[in-house]
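In what follows, a structure is listed as structure tokens, so that the remarks can point back to it.
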Amino acid sequence: MSSRIILEQTIIGNCLEGSFGSVKNILNHKNFTQTDWHPHQKIWLTMEKLFLKHPIDIITVSQLYQENYKHNIRSLLISSTQHLANNCPTKYALRLFEIDVKQKLSKEVQLIRANLISQGDLNQAALYDSVLSALLNDDLDFFNTIEGIEKYLKFINGDVLHRNIGTIYDAIPERIKMMKMKSGLD
């Protein structure tokens, strides 16, 4: 099981124990994995529907999930609560957000780079190599790296971001940057 899946299960487990309200403004369902074995996007959507109307716990989430998706996930939810750690849901949510954005940006940068190589523009493709290196460097501060990459991509592309990369950047809420600065999270 990947560390991302474990992180997602930890966040879901914390939410089932009362932390949904503290992370709902950081994450959305698109930040989670959706497979047959790990239907985390649908679980998140289920918790969003319950929020402020019903408790978010194993019973209510599993019942609404079964009504909406015709699948019993009670044992999956129970196992998610076994991944609880030192109760840092905001820190875990920010880490998942970081992983998700890095993976999505890396994928788009790799596609652009491959396209440039196929067109024979090796110099421009090499510029995207440096972007990939920065994205994969976990020693760099995520938010500073993201801002620097955005400026760099605009610089090498004449102040224009590729449409898919621009979409990813538009999805990074400013409030997360502010929350990170205020909380002092690494």
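By convention in this document, the chains of the structure tokens carry letters A, B, ... by their order, each chain's residues are numbered from 1, and ligands are numbered from 1 in the order they are shown.
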
Open item on the list: Which residues are near A:Leu94? Cut-off 8 Å, only C-alpha atoms, ignore same chain within fewer than 3 positions. Put them as a PyMOL selection string.
Closed with: chain A and resi 26+90-91+97-98+176

Task: Contacts of A:Leu45 at 12 Å (only C-alpha atoms; same-chain gap of 5+ positions) as a ChimeraX atom specification - done: /A:12,20,24,27-32,34,39-40,50-51,56,61,64-65,68-69

TODO: Would you return as a PyMOL selection string the members of chain A that DSSP assigns to alpha helix (DSSP H) on this structure's backbone?
DONE: chain A and resi 3-14+20-23+40-50+58-69+74-81+89-118+122-136+142-156+163-170+174-183

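Taking atom CA of A:Pro55 as the reference point, atom CA of A:Thr81 is found at 15.5 Å.
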
Task: Exercise: stretch 99-101 of chain A partners within 12 Å, only C-alpha atoms, chain neighbours under 5 positions left out, as JSON, numbers by chain - done: {"A": [3, 4, 5, 7, 8, 26, 27, 28, 29, 30, 31, 32, 33, 92, 93, 94, 106, 107, 108, 109, 135, 136, 137, 138, 142, 143, 145, 146, 165, 167, 168, 169, 170, 171, 172, 173]}

Open item on the list: Considering only C-alpha atoms, can you say which of A:Lys70, A:Ile156, A:Glu150, A:Lys104 comes closest to A:Leu127?
Closed with: A:Ile156

Write out as a PDB file with C-alpha atoms, in the first residue's frame each polymer residue whose atoms come within 9 Å of A:Ile149, counting only C-alpha atoms; drop sequence neighbours fewer than 5 positions from it.
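And here's selection-v5.pdb as it stands now:
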ATOM      1  CA  VAL A 131      10.707  22.203 -13.359  1.00  0.00           C
ATOM      2  CA  ALA A 134      12.063  21.238  -8.429  1.00  0.00           C
ATOM      3  CA  LEU A 135       8.725  19.432  -8.114  1.00  0.00           C
ATOM      4  CA  ASN A 144       7.585  28.680  -2.398  1.00  0.00           C
ATOM      5  CA  LYS A 154       5.393  32.112 -17.370  1.00  0.00           C
TER       6      LYS A 154
END

Task: Nearest to A:Gln9, chosen from A:Ser130, A:Ser118, A:Gln63, A:Gln41, with only C-alpha atoms counted in the distances - done: A:Gln41

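Counting only C-alpha atoms and comparing A:Asp141, A:Tyr128, A:His162, A:Gly18, the residue that lies closest to A:His54 is A:Gly18.
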